[in-house]
$ cat work.cif   # mmCIF, C-alpha atoms
data_data
loop_
_atom_site.label_atom_id
_atom_site.label_comp_id
_atom_site.auth_asym_id
_atom_site.auth_seq_id
_atom_site.Cartn_x
_atom_site.Cartn_y
_atom_site.Cartn_z
CA MET A 1 -14.79 -41.37 274.95
CA GLY A 2 -16.40 -44.53 273.57
CA ILE A 3 -14.81 -46.96 271.18
CA GLU A 4 -15.93 -46.34 267.64
CA PRO A 5 -17.43 -49.27 265.75
CA LEU A 6 -15.10 -50.95 263.26
CA GLU A 7 -17.35 -49.93 260.41
CA VAL A 8 -16.73 -46.27 261.22
CA LEU A 9 -12.97 -46.77 261.54
CA LEU A 10 -12.81 -48.56 258.20
CA ARG A 11 -15.04 -46.07 256.42
CA ASP A 12 -12.76 -43.23 257.56
CA HIS A 13 -9.61 -44.97 256.33
CA PRO A 14 -8.26 -43.94 252.89
CA PHE A 15 -7.94 -47.56 251.75
CA PHE A 16 -11.70 -48.06 251.96
CA ARG A 17 -12.67 -44.65 250.59
CA ASP A 18 -15.86 -44.78 248.44
CA LEU A 19 -16.40 -48.46 249.08
CA ASP A 20 -20.09 -49.47 249.34
CA GLU A 21 -21.48 -49.36 252.85
CA SER A 22 -22.60 -52.98 252.57
CA ASP A 23 -19.02 -53.99 251.67
CA ILE A 24 -17.65 -52.07 254.66
CA GLN A 25 -20.08 -53.92 256.92
CA PHE A 26 -19.08 -57.18 255.28
CA ILE A 27 -15.34 -56.57 255.78
CA ALA A 28 -15.75 -55.29 259.33
CA GLY A 29 -16.93 -58.77 260.21
CA CYS A 30 -13.33 -59.93 259.72
CA GLY A 31 -11.77 -57.22 261.87
CA ARG A 32 -10.72 -56.37 265.39
CA ASN A 33 -9.01 -53.41 267.01
CA VAL A 34 -5.35 -53.86 267.93
CA VAL A 35 -2.78 -51.68 269.68
CA PHE A 36 1.00 -52.12 269.69
CA GLU A 37 3.38 -50.33 272.01
CA PRO A 38 6.62 -48.88 270.58
CA GLY A 39 9.06 -51.69 269.84
CA ALA A 40 6.40 -54.39 269.75
CA TYR A 41 6.24 -56.63 266.71
CA LEU A 42 3.09 -56.81 264.63
CA PHE A 43 4.51 -59.88 262.92
CA ARG A 44 7.78 -61.73 262.49
CA GLU A 45 9.47 -63.10 259.39
CA GLY A 46 8.55 -66.71 258.68
CA GLU A 47 5.45 -66.76 260.87
CA GLU A 48 2.05 -67.53 259.44
CA ALA A 49 0.69 -64.45 257.69
CA ASP A 50 -2.94 -64.31 258.63
CA GLN A 51 -3.73 -60.60 258.96
CA LEU A 52 -4.02 -57.35 257.03
CA PHE A 53 -3.35 -54.28 259.17
CA ILE A 54 -5.28 -51.10 258.51
CA LEU A 55 -3.07 -48.46 260.16
CA ARG A 56 -5.04 -45.78 261.99
CA HIS A 57 -2.22 -44.23 263.98
CA GLY A 58 1.55 -44.58 264.22
CA ARG A 59 4.38 -45.82 262.03
CA VAL A 60 5.65 -49.35 261.48
CA ALA A 61 9.12 -50.40 260.34
CA LEU A 62 9.21 -53.27 257.87
CA GLU A 63 12.64 -54.71 258.39
CA ILE A 64 14.91 -57.60 257.58
CA MET A 65 17.50 -58.93 259.98
CA VAL A 66 20.82 -58.98 258.14
CA PRO A 67 23.55 -61.01 259.81
CA GLY A 68 26.38 -58.72 260.85
CA ARG A 69 24.34 -55.57 260.21
CA GLY A 70 21.33 -56.00 262.40
CA PRO A 71 17.84 -54.97 261.32
CA VAL A 72 17.65 -53.04 258.04
CA VAL A 73 14.47 -50.99 257.58
CA ILE A 74 13.07 -51.28 254.07
CA ASP A 75 9.79 -49.39 254.39
CA THR A 76 7.82 -47.47 256.99
CA PRO A 77 4.06 -47.53 256.39
CA GLU A 78 2.14 -45.19 258.64
CA GLU A 79 -1.29 -43.82 259.49
CA GLY A 80 -3.60 -43.99 256.49
CA GLU A 81 -1.78 -46.94 254.91
CA VAL A 82 -2.15 -50.70 255.07
CA ILE A 83 0.43 -53.42 255.62
CA GLY A 84 0.50 -57.10 255.08
CA PHE A 85 -0.11 -58.78 251.74
CA SER A 86 1.39 -62.16 252.52
CA TRP A 87 -2.02 -63.47 253.64
CA LEU A 88 -3.10 -63.15 249.99
CA PHE A 89 -0.59 -65.53 248.48
CA ALA A 90 0.62 -69.02 249.34
CA PRO A 91 2.55 -70.03 251.39
CA TYR A 92 1.00 -67.32 253.60
CA ARG A 93 4.18 -66.52 255.54
CA TRP A 94 5.48 -63.07 256.52
CA ARG A 95 8.50 -62.07 254.48
CA PHE A 96 9.68 -59.36 256.87
CA ASP A 97 9.44 -58.27 260.47
CA GLY A 98 6.92 -55.54 261.25
CA ARG A 99 7.89 -53.47 264.31
CA ALA A 100 5.99 -50.54 265.82
CA LEU A 101 8.21 -47.42 265.82
CA GLU A 102 5.67 -45.60 267.95
CA LYS A 103 2.36 -46.50 269.49
CA VAL A 104 0.37 -48.12 266.69
CA ARG A 105 -3.40 -48.39 266.53
CA ALA A 106 -4.82 -50.50 263.75
CA VAL A 107 -7.67 -52.65 262.61
CA ALA A 108 -6.45 -56.19 262.00
CA LEU A 109 -8.47 -58.02 259.37
CA ASP A 110 -8.34 -61.79 259.46
CA GLY A 111 -6.72 -62.96 256.22
CA VAL A 112 -8.61 -66.25 255.91
CA CYS A 113 -11.89 -64.50 256.55
CA LEU A 114 -11.06 -61.79 254.01
CA ARG A 115 -9.97 -64.31 251.38
CA GLY A 116 -13.22 -66.14 251.92
CA LYS A 117 -15.27 -62.99 251.43
CA CYS A 118 -13.34 -62.13 248.26
CA GLU A 119 -13.99 -65.64 246.89
CA ASP A 120 -17.70 -65.40 247.77
CA ASP A 121 -18.12 -61.93 246.28
CA PRO A 122 -15.88 -61.56 243.19
CA LYS A 123 -17.03 -57.96 242.66
CA LEU A 124 -15.78 -56.97 246.10
CA GLY A 125 -12.72 -59.16 245.61
CA TYR A 126 -11.85 -57.40 242.36
CA GLU A 127 -12.33 -53.98 243.93
CA LEU A 128 -10.01 -54.87 246.82
CA MET A 129 -7.47 -56.42 244.46
CA LYS A 130 -7.35 -53.17 242.46
CA ARG A 131 -6.63 -51.28 245.66
CA PHE A 132 -3.97 -53.76 246.75
CA ALA A 133 -2.41 -53.65 243.28
CA SER A 134 -2.24 -49.86 243.40
CA ILE A 135 -0.28 -50.00 246.66
CA LEU A 136 1.99 -52.77 245.40
CA VAL A 137 2.76 -50.86 242.20
CA ARG A 138 3.63 -47.73 244.18
CA ARG A 139 5.95 -49.74 246.43
CA LEU A 140 7.52 -51.44 243.41
CA GLN A 141 8.18 -48.06 241.79
CA SER A 142 9.69 -46.78 245.02
CA ALA A 143 11.94 -49.84 245.24
CA ARG A 144 13.03 -49.37 241.62
CA LEU A 145 13.95 -45.74 242.22
CA ARG A 146 15.92 -46.69 245.30
CA VAL A 147 17.81 -49.26 243.26
CA ILE A 148 18.98 -46.56 240.84
CA ASP A 149 20.01 -44.29 243.74
CA ILE A 150 18.19 -41.08 242.80
CA TYR A 151 20.32 -38.91 245.08
CA ARG A 152 23.53 -39.66 243.19
CA PRO A 153 24.47 -36.55 241.17
CA MET B 1 12.52 -16.28 238.79
CA THR B 2 14.33 -12.99 238.63
CA VAL B 3 16.99 -12.10 236.16
CA PRO B 4 19.58 -9.78 237.65
CA ALA B 5 18.65 -6.21 236.77
CA GLU B 6 22.18 -5.07 237.14
CA LEU B 7 25.25 -7.22 237.10
CA PRO B 8 28.04 -6.19 239.43
CA GLU B 9 30.42 -3.87 237.65
CA ALA B 10 33.32 -6.28 237.97
CA LEU B 11 31.24 -9.00 236.32
CA LEU B 12 30.19 -6.80 233.43
CA SER B 13 33.74 -5.90 232.66
CA GLU B 14 35.51 -9.17 233.40
CA PRO B 15 33.03 -11.99 233.91
CA MET B 16 35.64 -14.64 233.22
CA VAL B 17 38.23 -13.37 235.70
CA PRO B 18 37.99 -14.92 239.15
CA ARG B 19 38.42 -12.78 242.24
CA GLU B 20 40.44 -14.08 245.14
CA TYR B 21 38.47 -15.26 248.17
CA ARG B 22 39.80 -16.69 251.39
CA VAL B 23 38.25 -19.68 253.13
CA VAL B 24 37.30 -18.36 256.57
CA SER B 25 35.30 -21.30 257.86
CA ARG B 26 34.94 -24.98 257.12
CA ARG B 27 32.29 -27.30 258.47
CA ARG B 28 32.00 -30.97 257.67
CA GLU B 29 28.35 -31.84 257.04
CA THR B 30 28.67 -35.50 256.04
CA HIS B 31 31.46 -37.85 254.99
CA ASP B 32 31.56 -36.20 251.54
CA VAL B 33 30.01 -32.74 251.98
CA VAL B 34 31.74 -29.69 253.40
CA THR B 35 30.40 -26.17 253.90
CA LEU B 36 32.86 -23.35 253.28
CA GLY B 37 32.59 -19.70 254.26
CA LEU B 38 34.38 -17.41 251.78
CA GLU B 39 35.39 -13.75 252.09
CA PRO B 40 36.98 -11.59 249.38
CA LEU B 41 40.60 -10.64 249.80
CA HIS B 42 39.97 -7.23 248.25
CA GLY B 43 36.84 -5.11 248.34
CA PRO B 44 33.28 -6.13 249.15
CA GLY B 45 31.81 -9.44 248.08
CA SER B 46 28.91 -9.65 245.64
CA PRO B 47 25.62 -10.62 247.32
CA VAL B 48 24.10 -13.87 246.09
CA ARG B 49 20.36 -14.31 245.87
CA PRO B 50 18.82 -17.68 246.83
CA GLY B 51 19.21 -20.02 243.87
CA GLN B 52 22.11 -18.25 242.19
CA PHE B 53 25.52 -19.86 241.88
CA ASN B 54 29.18 -18.92 241.83
CA MET B 55 32.00 -20.50 239.86
CA ILE B 56 34.62 -21.52 242.42
CA TYR B 57 38.15 -22.09 241.25
CA ALA B 58 40.61 -24.38 243.00
CA PHE B 59 43.74 -22.80 241.61
CA GLY B 60 45.72 -25.09 239.37
CA ILE B 61 42.99 -27.71 239.31
CA GLY B 62 39.79 -26.30 237.91
CA GLU B 63 36.48 -24.54 238.38
CA VAL B 64 33.03 -25.77 239.39
CA PRO B 65 29.59 -24.18 239.77
CA VAL B 66 28.26 -24.16 243.32
CA SER B 67 24.96 -22.70 244.50
CA ALA B 68 24.91 -20.49 247.56
CA SER B 69 23.67 -22.31 250.65
CA GLY B 70 23.87 -19.61 253.31
CA ASP B 71 21.38 -17.24 254.89
CA PRO B 72 20.79 -14.44 252.37
CA ALA B 73 19.94 -12.02 255.16
CA ALA B 74 23.11 -12.66 257.12
CA ALA B 75 26.14 -10.45 256.80
CA GLY B 76 29.51 -12.11 256.53
CA PRO B 77 31.02 -14.78 254.35
CA ILE B 78 29.43 -16.27 251.24
CA VAL B 79 28.48 -19.83 252.16
CA HIS B 80 28.75 -22.80 249.81
CA SER B 81 28.19 -26.48 250.54
CA ILE B 82 30.27 -28.70 248.29
CA ARG B 83 30.11 -32.44 247.72
CA ALA B 84 33.40 -34.15 246.95
CA ALA B 85 32.65 -35.80 243.62
CA GLY B 86 35.65 -35.07 241.40
CA LEU B 87 39.10 -33.53 241.37
CA VAL B 88 37.99 -29.91 241.83
CA THR B 89 35.31 -30.51 244.42
CA ARG B 90 37.63 -32.82 246.33
CA ALA B 91 40.30 -30.11 246.41
CA LEU B 92 37.75 -27.56 247.60
CA CYS B 93 36.47 -29.91 250.29
CA ASP B 94 40.04 -30.46 251.44
CA SER B 95 40.69 -26.72 251.74
CA HIS B 96 40.90 -25.17 255.18
CA PRO B 97 40.63 -21.70 256.72
CA GLY B 98 43.27 -19.56 255.07
CA THR B 99 43.16 -21.29 251.69
CA VAL B 100 42.67 -18.85 248.82
CA VAL B 101 40.31 -19.83 246.01
CA GLY B 102 39.01 -18.02 242.94
CA LEU B 103 35.39 -17.00 242.60
CA ARG B 104 33.31 -15.66 239.73
CA GLY B 105 29.71 -14.68 240.12
CA PRO B 106 27.01 -14.65 241.16
CA PHE B 107 25.33 -16.01 238.04
CA GLY B 108 21.90 -17.10 236.91
CA THR B 109 18.31 -16.84 237.98
CA ASP B 110 17.11 -17.11 241.55
CA TRP B 111 14.23 -18.96 243.23
CA GLY B 112 12.04 -15.83 243.26
CA VAL B 113 11.04 -16.36 246.87
CA ASP B 114 9.31 -12.96 247.04
CA THR B 115 6.98 -13.92 244.20
CA ALA B 116 5.68 -16.84 246.28
CA VAL B 117 4.29 -14.59 249.03
CA GLY B 118 0.77 -15.59 250.04
CA HIS B 119 1.02 -19.12 248.67
CA ASP B 120 1.42 -22.53 250.28
CA LEU B 121 4.98 -23.70 249.71
CA VAL B 122 6.30 -27.19 249.08
CA ILE B 123 10.08 -27.37 249.28
CA VAL B 124 11.51 -30.69 248.05
CA GLY B 125 15.22 -31.41 248.38
CA GLY B 126 17.16 -34.59 247.77
CA GLY B 127 20.77 -35.28 248.66
CA ILE B 128 23.04 -32.29 248.04
CA GLY B 129 19.97 -30.60 246.51
CA LEU B 130 19.03 -29.35 249.95
CA ALA B 131 21.99 -26.93 249.82
CA PRO B 132 20.53 -24.52 247.20
CA LEU B 133 17.18 -24.71 249.00
CA ARG B 134 18.52 -23.76 252.41
CA PRO B 135 18.54 -20.01 251.56
CA VAL B 136 14.86 -20.36 250.55
CA ILE B 137 14.05 -21.96 253.89
CA TYR B 138 15.96 -19.24 255.76
CA SER B 139 14.09 -16.52 253.85
CA VAL B 140 10.68 -18.09 254.32
CA LEU B 141 11.13 -18.78 258.02
CA ALA B 142 12.42 -15.25 258.59
CA ASN B 143 9.18 -13.93 257.07
CA ARG B 144 6.94 -16.80 258.03
CA GLU B 145 3.76 -14.71 258.30
CA ARG B 146 3.95 -13.82 254.61
CA TYR B 147 3.34 -17.38 253.41
CA GLY B 148 0.61 -20.00 253.71
CA ARG B 149 1.37 -23.54 254.81
CA VAL B 150 5.02 -24.51 254.41
CA SER B 151 6.18 -28.09 253.87
CA VAL B 152 9.84 -29.02 253.68
CA LEU B 153 10.37 -32.54 252.30
CA ILE B 154 13.88 -33.93 252.43
CA GLY B 155 15.34 -37.18 251.11
CA ALA B 156 18.76 -38.73 251.51
CA ARG B 157 20.39 -42.08 250.97
CA SER B 158 20.84 -42.77 254.68
CA PRO B 159 20.70 -40.90 258.01
CA ALA B 160 24.47 -40.36 257.75
CA ASP B 161 23.96 -38.52 254.44
CA LEU B 162 21.58 -35.92 255.83
CA LEU B 163 22.82 -32.34 255.58
CA TYR B 164 22.40 -29.60 258.20
CA THR B 165 21.16 -31.97 260.89
CA SER B 166 21.21 -29.39 263.68
CA GLU B 167 19.12 -27.01 261.58
CA LEU B 168 16.76 -29.81 260.63
CA GLN B 169 16.11 -30.36 264.32
CA SER B 170 15.57 -26.64 264.84
CA TRP B 171 13.14 -26.39 261.91
CA ARG B 172 11.27 -29.50 263.05
CA SER B 173 10.78 -28.00 266.50
CA ARG B 174 8.73 -25.17 265.01
CA PHE B 175 4.95 -25.44 264.89
CA ASP B 176 4.57 -23.34 261.75
CA VAL B 177 6.46 -25.52 259.30
CA ASP B 178 5.98 -29.19 258.41
CA VAL B 179 9.40 -30.78 258.00
CA ARG B 180 9.56 -34.40 256.85
CA VAL B 181 12.70 -36.40 256.29
CA THR B 182 13.03 -39.78 254.63
CA VAL B 183 15.98 -41.99 253.78
CA ASP B 184 16.48 -44.84 251.34
CA VAL B 185 18.15 -47.18 253.78
CA ALA B 186 18.24 -47.18 257.55
CA GLY B 187 19.27 -49.34 260.45
CA GLY B 188 17.07 -50.30 263.35
CA THR B 189 17.68 -47.08 265.30
CA TRP B 190 16.11 -44.79 262.65
CA ARG B 191 12.59 -43.84 263.71
CA GLY B 192 11.58 -41.75 260.69
CA PRO B 193 10.21 -42.75 257.29
CA VAL B 194 12.13 -44.97 254.89
CA GLY B 195 11.47 -44.43 251.19
CA ILE B 196 12.17 -41.95 248.44
CA VAL B 197 11.36 -38.27 248.85
CA THR B 198 8.45 -38.38 246.40
CA GLU B 199 6.57 -40.58 248.87
CA LEU B 200 6.41 -37.62 251.25
CA ILE B 201 4.45 -35.50 248.78
CA PRO B 202 1.04 -37.15 249.40
CA ARG B 203 1.53 -36.56 253.13
CA ALA B 204 2.24 -32.83 252.83
CA LEU B 205 -0.58 -30.34 253.34
CA PHE B 206 -0.95 -27.77 250.57
CA ASP B 207 -3.55 -26.31 248.26
CA PRO B 208 -2.60 -27.78 244.88
CA ALA B 209 -4.48 -25.07 243.03
CA SER B 210 -2.16 -22.34 244.22
CA ALA B 211 0.84 -23.92 245.95
CA ILE B 212 4.32 -23.16 244.70
CA ALA B 213 6.99 -25.87 244.81
CA PHE B 214 10.76 -25.50 244.91
CA VAL B 215 12.56 -28.68 243.88
CA CYS B 216 16.27 -29.39 243.85
CA GLY B 217 18.35 -32.53 243.69
CA PRO B 218 19.88 -34.78 241.07
CA GLU B 219 18.02 -34.48 237.77
CA ILE B 220 16.40 -37.90 238.04
CA MET B 221 15.00 -36.96 241.43
CA ILE B 222 13.71 -33.66 240.07
CA ARG B 223 11.90 -35.48 237.26
CA PHE B 224 10.09 -37.85 239.57
CA ALA B 225 9.38 -35.24 242.25
CA ALA B 226 7.97 -32.78 239.70
CA ARG B 227 5.82 -35.49 238.11
CA SER B 228 4.50 -36.46 241.52
CA LEU B 229 3.65 -32.82 242.29
CA VAL B 230 1.81 -32.55 238.96
CA ASP B 231 -0.02 -35.80 239.77
CA HIS B 232 -1.13 -34.14 243.01
CA GLY B 233 -2.58 -31.19 241.17
CA LEU B 234 0.18 -28.58 240.96
CA ASP B 235 0.42 -26.50 237.83
CA PRO B 236 3.82 -27.13 236.16
CA ALA B 237 4.19 -23.34 236.00
CA ASN B 238 4.13 -23.31 239.80
CA ILE B 239 6.90 -25.87 240.15
CA ARG B 240 10.37 -24.33 240.19
CA VAL B 241 13.34 -26.60 239.68
CA SER B 242 17.05 -25.89 239.93
CA LEU B 243 19.14 -27.72 237.37
CA GLU B 244 22.81 -28.39 237.22
CA ARG B 245 24.51 -29.20 233.96
CA ASN B 246 28.10 -28.89 232.87
CA MET B 247 28.49 -25.15 233.49
CA LYS B 248 31.80 -23.79 232.20
CA CYS B 249 31.67 -20.14 231.17
CA ALA B 250 28.59 -19.38 233.32
CA ILE B 251 27.52 -16.54 231.01
CA GLY B 252 25.78 -18.37 228.18
CA LEU B 253 28.59 -18.37 225.65
CA CYS B 254 30.26 -21.76 225.58
CA GLY B 255 27.17 -23.98 225.36
CA HIS B 256 28.48 -26.76 227.60
CA CYS B 257 25.45 -26.55 229.86
CA GLN B 258 22.86 -26.33 227.10
CA LEU B 259 19.58 -28.15 227.62
CA GLY B 260 17.90 -27.91 224.26
CA SER B 261 17.60 -24.20 223.60
CA GLU B 262 18.17 -23.29 227.24
CA PHE B 263 21.50 -22.25 228.67
CA VAL B 264 21.29 -23.56 232.22
CA CYS B 265 23.94 -21.11 233.46
CA ARG B 266 22.25 -18.04 232.00
CA ASP B 267 18.55 -18.90 231.61
CA GLY B 268 18.64 -20.97 234.82
CA PRO B 269 19.66 -22.64 237.01
CA VAL B 270 16.12 -22.05 238.32
CA PHE B 271 13.41 -22.79 235.75
CA THR B 272 9.74 -23.57 235.91
CA TYR B 273 8.94 -27.19 235.26
CA ALA B 274 6.54 -25.97 232.59
CA ARG B 275 9.55 -24.63 230.71
CA VAL B 276 11.98 -27.53 231.03
CA GLY B 277 9.91 -30.58 231.98
CA ARG B 278 9.66 -31.81 228.42
CA LEU B 279 13.40 -31.38 227.87
CA LEU B 280 14.25 -33.38 230.99
CA ALA B 281 12.61 -36.44 229.48
CA ILE B 282 14.61 -36.31 226.23
CA GLN B 283 17.64 -38.53 226.44
CA GLU B 284 19.47 -36.81 223.59
CA VAL B 285 19.68 -33.42 225.31
#
$ encode --input "work.cif" --output "C-alpha cells"
Amino acid sequence: MGIEPLEVLLRDHPFFRDLDESDIQFIAGCGRNVVFEPGAYLFREGEEADQLFILRHGRVALEIMVPGRGPVVIDTPEEGEVIGFSWLFAPYRWRFDGRALEKVRAVALDGVCLRGKCEDDPKLGYELMKRFASILVRRLQSARLRVIDIYRP
Amino acid sequence: MTVPAELPEALLSEPMVPREYRVVSRRRETHDVVTLGLEPLHGPGSPVRPGQFNMIYAFGIGEVPVSASGDPAAAGPIVHSIRAAGLVTRALCDSHPGTVVGLRGPFGTDWGVDTAVGHDLVIVGGGIGLAPLRPVIYSVLANRERYGRVSVLIGARSPADLLYTSELQSWRSRFDVDVRVTVDVAGGTWRGPVGIVTELIPRALFDPASAIAFVCGPEIMIRFAARSLVDHGLDPANIRVSLERNMKCAIGLCGHCQLGSEFVCRDGPVFTYARVGRLLAIQEV
C-alpha cells in the first residue's frame, strides 16, 4: 500500500472539509507525515510551539504535570481533530504536554510556514481562523461545564 | 412512554403505605454509590418497568425516590442503585443484608423501550444517571436484533466515579454496541477520553432523522446533552429524558415535584424533550 499524498490526507480530514483545492495544496506545502508510538510525546510544556497536528489516527492526552499528583489529563483529542494552537500566539510555547495514548498518525503542519501563508493570503487566514475559533469555543464551553461539575445532582 | 394500564391492587388502595422489603444484597459501586437488592417480606413484589421508580423508606429517617437499575427480565430482587447524598440516602447506603426498609411503588412513566424497536438508539448517561438507564441497556442487548445501531455514551467525574465497571467492560467487548466512556478529570493511567459526555455525541454513529435518544443524569447535564442531540439533528420528540425533582407523594397530589404544569412523579419521570425542554430552561420553575 502506497503512502497517500498529503493533499489527499488533508482533504479527507474534517478540519479541512470544503476548503478550496488550491488552499489544500497551499497548506500541504507546510506539512509532513508523523507517527508517534504509544507513550511518546508529541510536544512538551515550555518547548517551542512550532507545529499544528492534524490527527488522522489515535488519541492524544493533553496533560499537565502537577507536583504531588503526577500528570493530570485535561483533554484527549483524537482522530478527526486537531491539536496545537500555541504556534498561533506569542510567545509560541506549548502550554501542556501532548502524549500519545495509542499509536498516533498525524500530519504536522509547520507553524511558521502556516502563519506566513495566513499573512500572505488573508482570505485563507480568515477561513482557518474561523475553524480554529470554532474548536477553541467548543473547548472553552467544555471547560466551563466541567468547572460547574455537571454530574453533581 | 407508557402509563401503567393497571396499577397494582395494593397501590390503588393504599398508595401511601409502604410495604416492608428486606435488603438481600448490597454491592458497593463507588465511594458514594451502593446497589441494593430488595425482596418483599410478604407476598410477591411489584415488577418495575425500565424508567419507573420506587419510594424507598429508611424507617425513622425518611423516604426518597429511586429508579430501578436492575435487569427487568431477571427474576429475583428489585435492584436500586443509591448515591449517598443526604440523610435518607446515606442511611440506605449504610444498610446491609437483613435490614428492613419500606417501599412504595412502582410509580411513573417508563422509557418505552419497546416503542424504539427498529430505530438507532443513543443512550446518554452521566454520573448516577446511568442507573435508570441500565435496565434499558439490559433490555436492548437482550433483544439486540430488534434495534438499529446502538450507542451508549457515559460520563463521570473521574474513573473512580464510574458505575458498573465490570458490566461496562462486558458491554464494550461486544461488537454490536458502541460504548464510549469519558471522564472530567483523570490521572496519567487513564487511556480513554477526557471531557464532558456531550463531546461523545458527535462521535456516535446514528441516523439523526430517526434515532431515539434516552438521556439521564443531573438536570444540567440533561439540558446540555439534549441540546447537543438537537444540534446533531435529532427531533426533540425523539429525545427521552428522565427527570428527578423533589418527589414526595409520588402520585401527583402534593405538588412538590411540579415542573410547570407537569408532575414529575406522575407525568414523568420519563418525558420527551419536546414536552419539557422549554421548562428546563426556566429558572423560576
$ resolve_selection --input "work.cif" --expression "the PyMOL selection byres ((chain B) within 9 of (chain A))" --output "list in words"
Ala85, Gly126, Gly127, Ile128, Gly129, Gly155, Ala156, Arg157, Asp184, Val185, Ala186, Gly187, Gly188, Thr189, Trp190, Arg191, Gly192, Pro193, Val194, Gly195, Ile196, Thr198, Glu199, Gly217, Pro218, Glu219, Ile220 and Met221 of chain B
$ resolve_selection --input "work.cif" --expression "the PyMOL selection byres ((chain B and resi 241) around 10)" --output "number ranges by chain"
B: 51, 111, 124, 213-217, 219, 222-223, 225-226, 238-240, 242-244, 268-277
$ resolve_selection --input "work.cif" --expression "the PyMOL selection byres ((chain B and resi 205) around 10)" --output "PDB file with C-alpha atoms, in the coordinates of the input"
ATOM      1  CA  ASP B 120       1.420 -22.530 250.280  1.00  0.00           C
ATOM      2  CA  LEU B 121       4.980 -23.700 249.710  1.00  0.00           C
ATOM      3  CA  VAL B 122       6.300 -27.190 249.080  1.00  0.00           C
ATOM      4  CA  ARG B 149       1.370 -23.540 254.810  1.00  0.00           C
ATOM      5  CA  VAL B 150       5.020 -24.510 254.410  1.00  0.00           C
ATOM      6  CA  SER B 151       6.180 -28.090 253.870  1.00  0.00           C
ATOM      7  CA  ASP B 178       5.980 -29.190 258.410  1.00  0.00           C
ATOM      8  CA  ILE B 201       4.450 -35.500 248.780  1.00  0.00           C
ATOM      9  CA  PRO B 202       1.040 -37.150 249.400  1.00  0.00           C
ATOM     10  CA  ARG B 203       1.530 -36.560 253.130  1.00  0.00           C
ATOM     11  CA  ALA B 204       2.240 -32.830 252.830  1.00  0.00           C
ATOM     12  CA  PHE B 206      -0.950 -27.770 250.570  1.00  0.00           C
ATOM     13  CA  ASP B 207      -3.550 -26.310 248.260  1.00  0.00           C
ATOM     14  CA  PRO B 208      -2.600 -27.780 244.880  1.00  0.00           C
ATOM     15  CA  ALA B 211       0.840 -23.920 245.950  1.00  0.00           C
TER      16      ALA B 211
END
$ atom_distance --input "work.cif" --atom1 "atom CA of B:Thr35" --atom2 "atom CA of B:Gln169"
18.2 Å
$ closest_residue --input "work.cif" --among "B:Pro77, B:Pro132, B:Gly252, B:Gly125" --to "B:Ser46" --atoms "all atoms listed in the file"
B:Pro77
$ atom_distance --input "work.cif" --atom1 "atom CA of B:Gly45" --atom2 "atom CA of B:Gly102"
12.3 Å
$ closest_residue --input "work.cif" --among "A:Gly46, A:Pro38, A:Gly68, A:Gly31" --to "A:Leu109" --atoms "all atoms listed in the file"
A:Gly31
$ residues_near_point --input "work.cif" --point "(0.0, -44.8, 267.7)" --cutoff "8 Å" --atoms "all atoms listed in the file" --output "mmCIF file with C-alpha atoms, in the frame of the given file"
data_model
loop_
_atom_site.group_PDB
_atom_site.id
_atom_site.type_symbol
_atom_site.label_atom_id
_atom_site.label_comp_id
_atom_site.auth_asym_id
_atom_site.auth_seq_id
_atom_site.Cartn_x
_atom_site.Cartn_y
_atom_site.Cartn_z
ATOM 1 C CA VAL A 35 -2.780 -51.680 269.680
ATOM 2 C CA PHE A 36 1.000 -52.120 269.690
ATOM 3 C CA GLU A 37 3.380 -50.330 272.010
ATOM 4 C CA ARG A 56 -5.040 -45.780 261.990
ATOM 5 C CA HIS A 57 -2.220 -44.230 263.980
ATOM 6 C CA GLY A 58 1.550 -44.580 264.220
ATOM 7 C CA ARG A 59 4.380 -45.820 262.030
ATOM 8 C CA GLU A 102 5.670 -45.600 267.950
ATOM 9 C CA LYS A 103 2.360 -46.500 269.490
ATOM 10 C CA VAL A 104 0.370 -48.120 266.690
ATOM 11 C CA ARG A 105 -3.400 -48.390 266.530
#
$ closest_residue --input "work.cif" --among "A:Asp12, A:Glu81, A:Asp23, A:Asp18" --to "A:Gly125" --atoms "only C-alpha atoms"
A:Asp23
$ atom_distance --input "work.cif" --atom1 "atom CA of B:Gly62" --atom2 "atom CA of B:Ala91"
9.3 Å
$ residues_around --input "work.cif" --residues "B:Leu92" --least-positions-apart "6" --cutoff "9 Å" --atoms "only C-alpha atoms" --output "PDB file with C-alpha atoms, keeping the file's coordinate frame"
ATOM      1  CA  VAL B  34      31.740 -29.690 253.400  1.00  0.00           C
ATOM      2  CA  LEU B  36      32.860 -23.350 253.280  1.00  0.00           C
ATOM      3  CA  ILE B  56      34.620 -21.520 242.420  1.00  0.00           C
ATOM      4  CA  TYR B  57      38.150 -22.090 241.250  1.00  0.00           C
ATOM      5  CA  ALA B  58      40.610 -24.380 243.000  1.00  0.00           C
ATOM      6  CA  ILE B  82      30.270 -28.700 248.290  1.00  0.00           C
ATOM      7  CA  ALA B  84      33.400 -34.150 246.950  1.00  0.00           C
ATOM      8  CA  VAL B 101      40.310 -19.830 246.010  1.00  0.00           C
TER       9      VAL B 101
END
$ residues_near_point --input "work.cif" --point "(-1.5, -65.7, 253.6)" --cutoff "12 Å" --atoms "only C-alpha atoms" --output "JSON, numbers by chain"
{"A": [46, 47, 48, 49, 50, 51, 52, 84, 85, 86, 87, 88, 89, 90, 91, 92, 93, 94, 95, 109, 110, 111, 112, 113, 114, 115, 116]}
$ closest_residue --input "work.cif" --among "A:Glu7, A:Gly39, A:Arg44, A:Ile54" --to "A:Ile83" --atoms "all atoms listed in the file"
A:Ile54
